[in-house]
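Beneath this line is the structure, given in structure tokens, with notes to follow.
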Amino acid sequence: MADVEYHVVSGFPGYRIGTDGTVWSQLVFSRWKDKSDDWHRLKPQLRRGYLRVGLTRNGKLHWRSVHRLVLEAFVGNCPVGHEACHNDGNRQNNILQNLRWDTPEANGCDKRLHGTIARGSRSSSAKITERDVPLIRELRTSGHSYGEIASRFDITRATVIALLKGRTWTHV
């Protein structure tokens with residue numbers, strides 16, 4: 001990779017972020033001193049597929065997404081109505097060249113393009129899978145009631161109806 005450029009993390013003295021998505025700290029948590037001359041790399045934590053780091057200010061911990069820190073440091077604050085987007089669809093690839101501010105609509109197009117949209121069984125609220133959908137349709141065709149199908153799959157009648165009327169699970 002080309003040379004990495006570093007900028008300070010705005011609002012968090014003693015921290016810096018690199019164009020490669022690494023976050024560094026000079027802070028030392030000891031009784032005798034607050035800062036060191038040496039920088040040490042922070043180990044990010046994975047949350048909902050995104051990398052985040054804990055930064056302290058005035059003794060209080062603040063969690064920040066790495067992709068937003070990179071964009072804020074090197075591009076500027078998020079424009080109104082925009083959000084951080086990963087060009088390649090990989091939520092953990094936080095190099096500057098892979099990130100941009102864009103609209104939620106453009107981000108949604110990216111998610112469809114990359115196949116990362118949370119639909120069907122990839123949705124955190126899904127109780128059925130893509131394999132269940134044809135079976136549910138078949139059960140209804142063979143005369144089972146909405147209530148029977150709902151009980152069998154531990155879902156609501158409304159979910160069964162929405163699926164059968166084509167309002168949900170349209171990708172199957």
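Each chain in the structure tokens gets a letter, A, B and so on, in the order shown; residues start at 1 in every chain, and ligands are counted from 1 in the order they appear.
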Exercise for the section: Do a neighbour search on Leu69 (chain A) at 10 Å with only C-alpha atoms, toss out local chain neighbours closer than 3 positions, and write the hits as a VMD selection string. Expected result: chain A and resid 7 to 10 16 to 18 21 to 23 52 to 53 64 to 66 72 to 77 94
Writing out the chosen residues with N, CA, C and O atoms as a PDB file, in the first residue's frame:
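New file result-v5.pdb:
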ATOM      1  N   HIS A   7      -4.154  11.872  10.326  1.00  0.00           N
ATOM      2  CA  HIS A   7      -4.753  13.119  10.813  1.00  0.00           C
ATOM      3  C   HIS A   7      -5.210  12.888  12.250  1.00  0.00           C
ATOM      4  O   HIS A   7      -5.524  11.761  12.634  1.00  0.00           O
ATOM      5  N   VAL A   8      -5.274  13.975  13.011  1.00  0.00           N
ATOM      6  CA  VAL A   8      -5.793  13.857  14.368  1.00  0.00           C
ATOM      7  C   VAL A   8      -7.290  13.568  14.305  1.00  0.00           C
ATOM      8  O   VAL A   8      -7.965  13.936  13.343  1.00  0.00           O
ATOM      9  N   VAL A   9      -7.789  12.892  15.316  1.00  0.00           N
ATOM     10  CA  VAL A   9      -9.223  12.637  15.418  1.00  0.00           C
ATOM     11  C   VAL A   9      -9.843  13.850  16.089  1.00  0.00           C
ATOM     12  O   VAL A   9      -9.537  14.163  17.236  1.00  0.00           O
ATOM     13  N   SER A  10     -10.700  14.530  15.357  1.00  0.00           N
ATOM     14  CA  SER A  10     -11.319  15.760  15.846  1.00  0.00           C
ATOM     15  C   SER A  10     -12.098  15.505  17.133  1.00  0.00           C
ATOM     16  O   SER A  10     -12.896  14.583  17.228  1.00  0.00           O
ATOM     17  N   ARG A  16      -5.113   9.539  16.613  1.00  0.00           N
ATOM     18  CA  ARG A  16      -4.974   9.836  15.193  1.00  0.00           C
ATOM     19  C   ARG A  16      -5.514   8.663  14.378  1.00  0.00           C
ATOM     20  O   ARG A  16      -5.621   7.542  14.869  1.00  0.00           O
ATOM     21  N   ILE A  17      -5.859   8.960  13.124  1.00  0.00           N
ATOM     22  CA  ILE A  17      -6.424   7.954  12.215  1.00  0.00           C
ATOM     23  C   ILE A  17      -5.635   8.001  10.921  1.00  0.00           C
ATOM     24  O   ILE A  17      -5.215   9.071  10.477  1.00  0.00           O
ATOM     25  N   GLY A  18      -5.429   6.822  10.328  1.00  0.00           N
ATOM     26  CA  GLY A  18      -4.680   6.734   9.079  1.00  0.00           C
ATOM     27  C   GLY A  18      -5.587   6.513   7.884  1.00  0.00           C
ATOM     28  O   GLY A  18      -6.719   6.044   8.012  1.00  0.00           O
ATOM     29  N   GLY A  21      -7.171   3.213   7.593  1.00  0.00           N
ATOM     30  CA  GLY A  21      -8.226   2.811   8.523  1.00  0.00           C
ATOM     31  C   GLY A  21      -7.726   2.392   9.896  1.00  0.00           C
ATOM     32  O   GLY A  21      -8.505   1.904  10.705  1.00  0.00           O
ATOM     33  N   THR A  22      -6.451   2.612  10.176  1.00  0.00           N
ATOM     34  CA  THR A  22      -5.931   2.279  11.514  1.00  0.00           C
ATOM     35  C   THR A  22      -6.112   3.474  12.441  1.00  0.00           C
ATOM     36  O   THR A  22      -6.039   4.625  12.019  1.00  0.00           O
ATOM     37  N   VAL A  23      -6.370   3.168  13.711  1.00  0.00           N
ATOM     38  CA  VAL A  23      -6.560   4.207  14.732  1.00  0.00           C
ATOM     39  C   VAL A  23      -5.461   4.029  15.773  1.00  0.00           C
ATOM     40  O   VAL A  23      -5.190   2.913  16.212  1.00  0.00           O
ATOM     41  N   ARG A  52     -15.307  -0.662  15.126  1.00  0.00           N
ATOM     42  CA  ARG A  52     -15.421   0.536  15.951  1.00  0.00           C
ATOM     43  C   ARG A  52     -14.324   0.516  16.994  1.00  0.00           C
ATOM     44  O   ARG A  52     -13.758  -0.526  17.314  1.00  0.00           O
ATOM     45  N   VAL A  53     -14.015   1.711  17.507  1.00  0.00           N
ATOM     46  CA  VAL A  53     -12.997   1.839  18.540  1.00  0.00           C
ATOM     47  C   VAL A  53     -13.550   2.679  19.681  1.00  0.00           C
ATOM     48  O   VAL A  53     -14.419   3.525  19.479  1.00  0.00           O
ATOM     49  N   ARG A  64     -16.752   4.953  18.481  1.00  0.00           N
ATOM     50  CA  ARG A  64     -16.828   5.581  17.168  1.00  0.00           C
ATOM     51  C   ARG A  64     -16.545   4.542  16.081  1.00  0.00           C
ATOM     52  O   ARG A  64     -15.633   3.721  16.213  1.00  0.00           O
ATOM     53  N   SER A  65     -17.324   4.613  15.004  1.00  0.00           N
ATOM     54  CA  SER A  65     -17.115   3.735  13.848  1.00  0.00           C
ATOM     55  C   SER A  65     -15.863   4.189  13.108  1.00  0.00           C
ATOM     56  O   SER A  65     -15.684   5.385  12.841  1.00  0.00           O
ATOM     57  N   VAL A  66     -15.028   3.231  12.740  1.00  0.00           N
ATOM     58  CA  VAL A  66     -13.767   3.557  12.076  1.00  0.00           C
ATOM     59  C   VAL A  66     -14.026   4.213  10.718  1.00  0.00           C
ATOM     60  O   VAL A  66     -13.368   5.201  10.360  1.00  0.00           O
ATOM     61  N   GLU A  72     -14.435  11.617   8.254  1.00  0.00           N
ATOM     62  CA  GLU A  72     -14.439  12.913   8.926  1.00  0.00           C
ATOM     63  C   GLU A  72     -13.046  13.539   8.936  1.00  0.00           C
ATOM     64  O   GLU A  72     -12.902  14.750   8.754  1.00  0.00           O
ATOM     65  N   ALA A  73     -12.011  12.719   9.108  1.00  0.00           N
ATOM     66  CA  ALA A  73     -10.646  13.244   9.187  1.00  0.00           C
ATOM     67  C   ALA A  73     -10.111  13.679   7.825  1.00  0.00           C
ATOM     68  O   ALA A  73      -9.414  14.684   7.729  1.00  0.00           O
ATOM     69  N   PHE A  74     -10.438  12.943   6.766  1.00  0.00           N
ATOM     70  CA  PHE A  74      -9.810  13.202   5.473  1.00  0.00           C
ATOM     71  C   PHE A  74     -10.719  13.851   4.440  1.00  0.00           C
ATOM     72  O   PHE A  74     -10.234  14.445   3.486  1.00  0.00           O
ATOM     73  N   VAL A  75     -12.041  13.754   4.611  1.00  0.00           N
ATOM     74  CA  VAL A  75     -12.978  14.336   3.648  1.00  0.00           C
ATOM     75  C   VAL A  75     -13.723  15.509   4.261  1.00  0.00           C
ATOM     76  O   VAL A  75     -13.961  16.517   3.600  1.00  0.00           O
ATOM     77  N   GLY A  76     -14.097  15.384   5.520  1.00  0.00           N
ATOM     78  CA  GLY A  76     -14.853  16.426   6.203  1.00  0.00           C
ATOM     79  C   GLY A  76     -16.093  15.832   6.841  1.00  0.00           C
ATOM     80  O   GLY A  76     -16.359  14.634   6.721  1.00  0.00           O
ATOM     81  N   ASN A  77     -16.852  16.681   7.511  1.00  0.00           N
ATOM     82  CA  ASN A  77     -18.055  16.216   8.192  1.00  0.00           C
ATOM     83  C   ASN A  77     -19.082  15.684   7.199  1.00  0.00           C
ATOM     84  O   ASN A  77     -19.108  16.097   6.043  1.00  0.00           O
ATOM     85  N   ASN A  94     -11.830  -0.242   5.571  1.00  0.00           N
ATOM     86  CA  ASN A  94     -11.955   1.168   5.919  1.00  0.00           C
ATOM     87  C   ASN A  94     -10.829   2.034   5.390  1.00  0.00           C
ATOM     88  O   ASN A  94     -10.523   3.087   5.957  1.00  0.00           O
TER      89      ASN A  94
END
I'd like the contact shell of region 145-157 of chain A - 8 Å cut-off, only C-alpha atoms, skipping same-chain residues fewer than 3 positions apart - returned as an mmCIF file with C-alpha atoms, in the first residue's frame.
data_model
loop_
_atom_site.group_PDB
_atom_site.id
_atom_site.type_symbol
_atom_site.label_atom_id
_atom_site.label_comp_id
_atom_site.auth_asym_id
_atom_site.auth_seq_id
_atom_site.Cartn_x
_atom_site.Cartn_y
_atom_site.Cartn_z
ATOM 1 C CA LYS A 127 -38.167 -16.259 11.717
ATOM 2 C CA ILE A 128 -38.257 -18.296 8.511
ATOM 3 C CA ILE A 136 -45.595 -22.186 2.943
ATOM 4 C CA LEU A 139 -49.293 -25.647 2.176
ATOM 5 C CA ARG A 140 -51.695 -22.814 1.344
ATOM 6 C CA VAL A 160 -48.179 -15.577 6.153
ATOM 7 C CA ILE A 161 -50.632 -13.341 4.326
#
Exercise for the section: Please provide the set of residues having any atom within 12 Å of Thr116 (chain A), restricted to only C-alpha atoms, with same-chain residues fewer than 3 positions apart removed, written as a ChimeraX atom specification. Expected result: /A:49,86-91,107-113,119-120,122-123
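Summary of the local environment: counting only C-alpha atoms, residues at most 12 Å from Thr170 (chain A), other than itself and those fewer than 3 positions away along its chain, are Arg119, Gly120, Glu130, Val133, Pro134, Ala162, Leu163, Leu164, Lys165, Gly166 and Arg167 of chain A.
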Practice task
Could you find all residues in chain A that DSSP calls helix (DSSP H, G or I) from the backbone, and write them as number ranges by chain?
Solution key: A: 66-74, 96-98, 104-114, 120-122, 132-141, 146-153, 157-164
Just write the chosen residues, N, CA and C atoms, as a short mmCIF file (atom, residue, chain, number, x, y, z; two decimals), in the first residue's frame.
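And here's selection_0.cif as it stands now:
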data_model
loop_
_atom_site.label_atom_id
_atom_site.label_comp_id
_atom_site.auth_asym_id
_atom_site.auth_seq_id
_atom_site.Cartn_x
_atom_site.Cartn_y
_atom_site.Cartn_z
N VAL A 66 -15.03 3.23 12.74
CA VAL A 66 -13.77 3.56 12.08
C VAL A 66 -14.03 4.21 10.72
N HIS A 67 -15.00 3.72 9.95
CA HIS A 67 -15.23 4.29 8.63
C HIS A 67 -15.64 5.77 8.71
N ARG A 68 -16.41 6.13 9.71
CA ARG A 68 -16.80 7.53 9.87
C ARG A 68 -15.61 8.38 10.32
N LEU A 69 -14.76 7.83 11.19
CA LEU A 69 -13.57 8.57 11.61
C LEU A 69 -12.67 8.89 10.42
N VAL A 70 -12.49 7.91 9.53
CA VAL A 70 -11.65 8.12 8.34
C VAL A 70 -12.24 9.23 7.48
N LEU A 71 -13.54 9.13 7.18
CA LEU A 71 -14.16 10.14 6.32
C LEU A 71 -14.14 11.53 6.96
N GLU A 72 -14.44 11.62 8.25
CA GLU A 72 -14.44 12.91 8.93
C GLU A 72 -13.05 13.54 8.94
N ALA A 73 -12.01 12.72 9.11
CA ALA A 73 -10.65 13.24 9.19
C ALA A 73 -10.11 13.68 7.83
N PHE A 74 -10.44 12.94 6.77
CA PHE A 74 -9.81 13.20 5.47
C PHE A 74 -10.72 13.85 4.44
N LEU A 96 -9.31 4.81 2.99
CA LEU A 96 -9.94 6.03 2.49
C LEU A 96 -10.49 5.86 1.08
N GLN A 97 -9.75 5.19 0.20
CA GLN A 97 -10.17 5.02 -1.19
C GLN A 97 -11.45 4.20 -1.33
N ASN A 98 -11.82 3.45 -0.30
CA ASN A 98 -13.01 2.62 -0.34
C ASN A 98 -14.23 3.30 0.27
N PRO A 104 -28.59 7.84 1.30
CA PRO A 104 -29.09 6.50 1.66
C PRO A 104 -29.56 5.72 0.43
N GLU A 105 -30.11 6.42 -0.56
CA GLU A 105 -30.56 5.74 -1.78
C GLU A 105 -29.38 5.13 -2.53
N ALA A 106 -28.29 5.89 -2.66
CA ALA A 106 -27.09 5.37 -3.33
C ALA A 106 -26.50 4.21 -2.55
N ASN A 107 -26.51 4.31 -1.22
CA ASN A 107 -26.00 3.22 -0.39
C ASN A 107 -26.86 1.97 -0.57
N GLY A 108 -28.17 2.16 -0.68
CA GLY A 108 -29.07 1.03 -0.93
C GLY A 108 -28.79 0.37 -2.27
N CYS A 109 -28.50 1.17 -3.30
CA CYS A 109 -28.13 0.62 -4.61
C CYS A 109 -26.85 -0.20 -4.50
N ASP A 110 -25.88 0.34 -3.74
CA ASP A 110 -24.63 -0.40 -3.50
C ASP A 110 -24.91 -1.75 -2.84
N LYS A 111 -25.77 -1.74 -1.84
CA LYS A 111 -26.07 -2.98 -1.11
C LYS A 111 -26.70 -4.02 -2.03
N ARG A 112 -27.59 -3.57 -2.91
CA ARG A 112 -28.19 -4.52 -3.87
C ARG A 112 -27.13 -5.03 -4.84
N LEU A 113 -26.27 -4.12 -5.31
CA LEU A 113 -25.21 -4.47 -6.24
C LEU A 113 -24.24 -5.50 -5.63
N HIS A 114 -23.88 -5.28 -4.37
CA HIS A 114 -22.91 -6.15 -3.69
C HIS A 114 -23.56 -7.37 -3.03
N GLY A 120 -34.67 -11.26 3.60
CA GLY A 120 -34.90 -12.68 3.82
C GLY A 120 -34.30 -13.14 5.13
N SER A 121 -33.68 -14.29 5.10
CA SER A 121 -33.13 -14.88 6.33
C SER A 121 -31.93 -14.09 6.87
N ARG A 122 -31.35 -13.19 6.06
CA ARG A 122 -30.24 -12.36 6.55
C ARG A 122 -30.74 -11.20 7.40
N ASP A 132 -38.17 -22.19 3.59
CA ASP A 132 -39.54 -22.32 4.11
C ASP A 132 -40.59 -21.72 3.18
N VAL A 133 -40.21 -20.73 2.39
CA VAL A 133 -41.17 -19.98 1.58
C VAL A 133 -41.93 -20.87 0.59
N PRO A 134 -41.25 -21.69 -0.23
CA PRO A 134 -42.01 -22.55 -1.15
C PRO A 134 -42.93 -23.53 -0.41
N LEU A 135 -42.50 -24.00 0.75
CA LEU A 135 -43.33 -24.92 1.53
C LEU A 135 -44.59 -24.21 2.04
N ILE A 136 -44.44 -22.96 2.49
CA ILE A 136 -45.60 -22.19 2.94
C ILE A 136 -46.58 -21.99 1.80
N ARG A 137 -46.07 -21.67 0.63
CA ARG A 137 -46.94 -21.49 -0.55
C ARG A 137 -47.64 -22.79 -0.90
N GLU A 138 -46.91 -23.88 -0.83
CA GLU A 138 -47.47 -25.20 -1.14
C GLU A 138 -48.55 -25.59 -0.13
N LEU A 139 -48.31 -25.32 1.14
CA LEU A 139 -49.29 -25.65 2.18
C LEU A 139 -50.60 -24.88 1.95
N ARG A 140 -50.49 -23.61 1.58
CA ARG A 140 -51.70 -22.81 1.34
C ARG A 140 -52.44 -23.32 0.11
N THR A 141 -51.71 -23.67 -0.94
CA THR A 141 -52.32 -24.21 -2.16
C THR A 141 -53.05 -25.51 -1.87
N TYR A 146 -54.40 -19.99 6.99
CA TYR A 146 -53.32 -19.08 7.38
C TYR A 146 -52.88 -19.36 8.81
N GLY A 147 -53.83 -19.61 9.69
CA GLY A 147 -53.53 -19.88 11.10
C GLY A 147 -52.72 -21.15 11.28
N GLU A 148 -53.09 -22.21 10.55
CA GLU A 148 -52.33 -23.47 10.64
C GLU A 148 -50.88 -23.27 10.20
N ILE A 149 -50.72 -22.56 9.10
CA ILE A 149 -49.37 -22.33 8.57
C ILE A 149 -48.57 -21.48 9.55
N ALA A 150 -49.21 -20.45 10.08
CA ALA A 150 -48.53 -19.56 11.03
C ALA A 150 -48.06 -20.35 12.26
N SER A 151 -48.93 -21.21 12.78
CA SER A 151 -48.56 -22.02 13.96
C SER A 151 -47.40 -22.94 13.65
N ARG A 152 -47.44 -23.55 12.50
CA ARG A 152 -46.40 -24.51 12.12
C ARG A 152 -45.01 -23.85 12.06
N PHE A 153 -44.97 -22.59 11.60
CA PHE A 153 -43.68 -21.91 11.44
C PHE A 153 -43.40 -20.88 12.54
N ARG A 157 -50.20 -14.73 11.48
CA ARG A 157 -51.06 -14.85 10.29
C ARG A 157 -50.72 -13.72 9.31
N ALA A 158 -50.49 -12.53 9.84
CA ALA A 158 -50.17 -11.39 8.98
C ALA A 158 -48.91 -11.64 8.16
N THR A 159 -47.92 -12.29 8.75
CA THR A 159 -46.69 -12.61 8.04
C THR A 159 -46.98 -13.59 6.91
N VAL A 160 -47.81 -14.59 7.19
CA VAL A 160 -48.18 -15.58 6.15
C VAL A 160 -48.91 -14.88 5.01
N ILE A 161 -49.85 -14.04 5.35
CA ILE A 161 -50.63 -13.34 4.33
C ILE A 161 -49.74 -12.44 3.48
N ALA A 162 -48.85 -11.69 4.13
CA ALA A 162 -47.94 -10.79 3.40
C ALA A 162 -47.05 -11.59 2.45
N LEU A 163 -46.57 -12.72 2.89
CA LEU A 163 -45.73 -13.57 2.05
C LEU A 163 -46.52 -14.07 0.84
N LEU A 164 -47.74 -14.58 1.09
CA LEU A 164 -48.53 -15.16 0.01
C LEU A 164 -49.06 -14.11 -0.97
#
Practice task
Please run DSSP on the backbone and report, as a PyMOL selection string, all residues within region 25-134 of chain A that come out as strand (DSSP E or B).
Solution key: chain A and resi 25-27+35-41+45-47+50-57+60-65+83-86+99-102
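Distance-wise, CA of Tyr6 (chain A) and CA of Thr19 (chain A) end up 6.5 Å apart.
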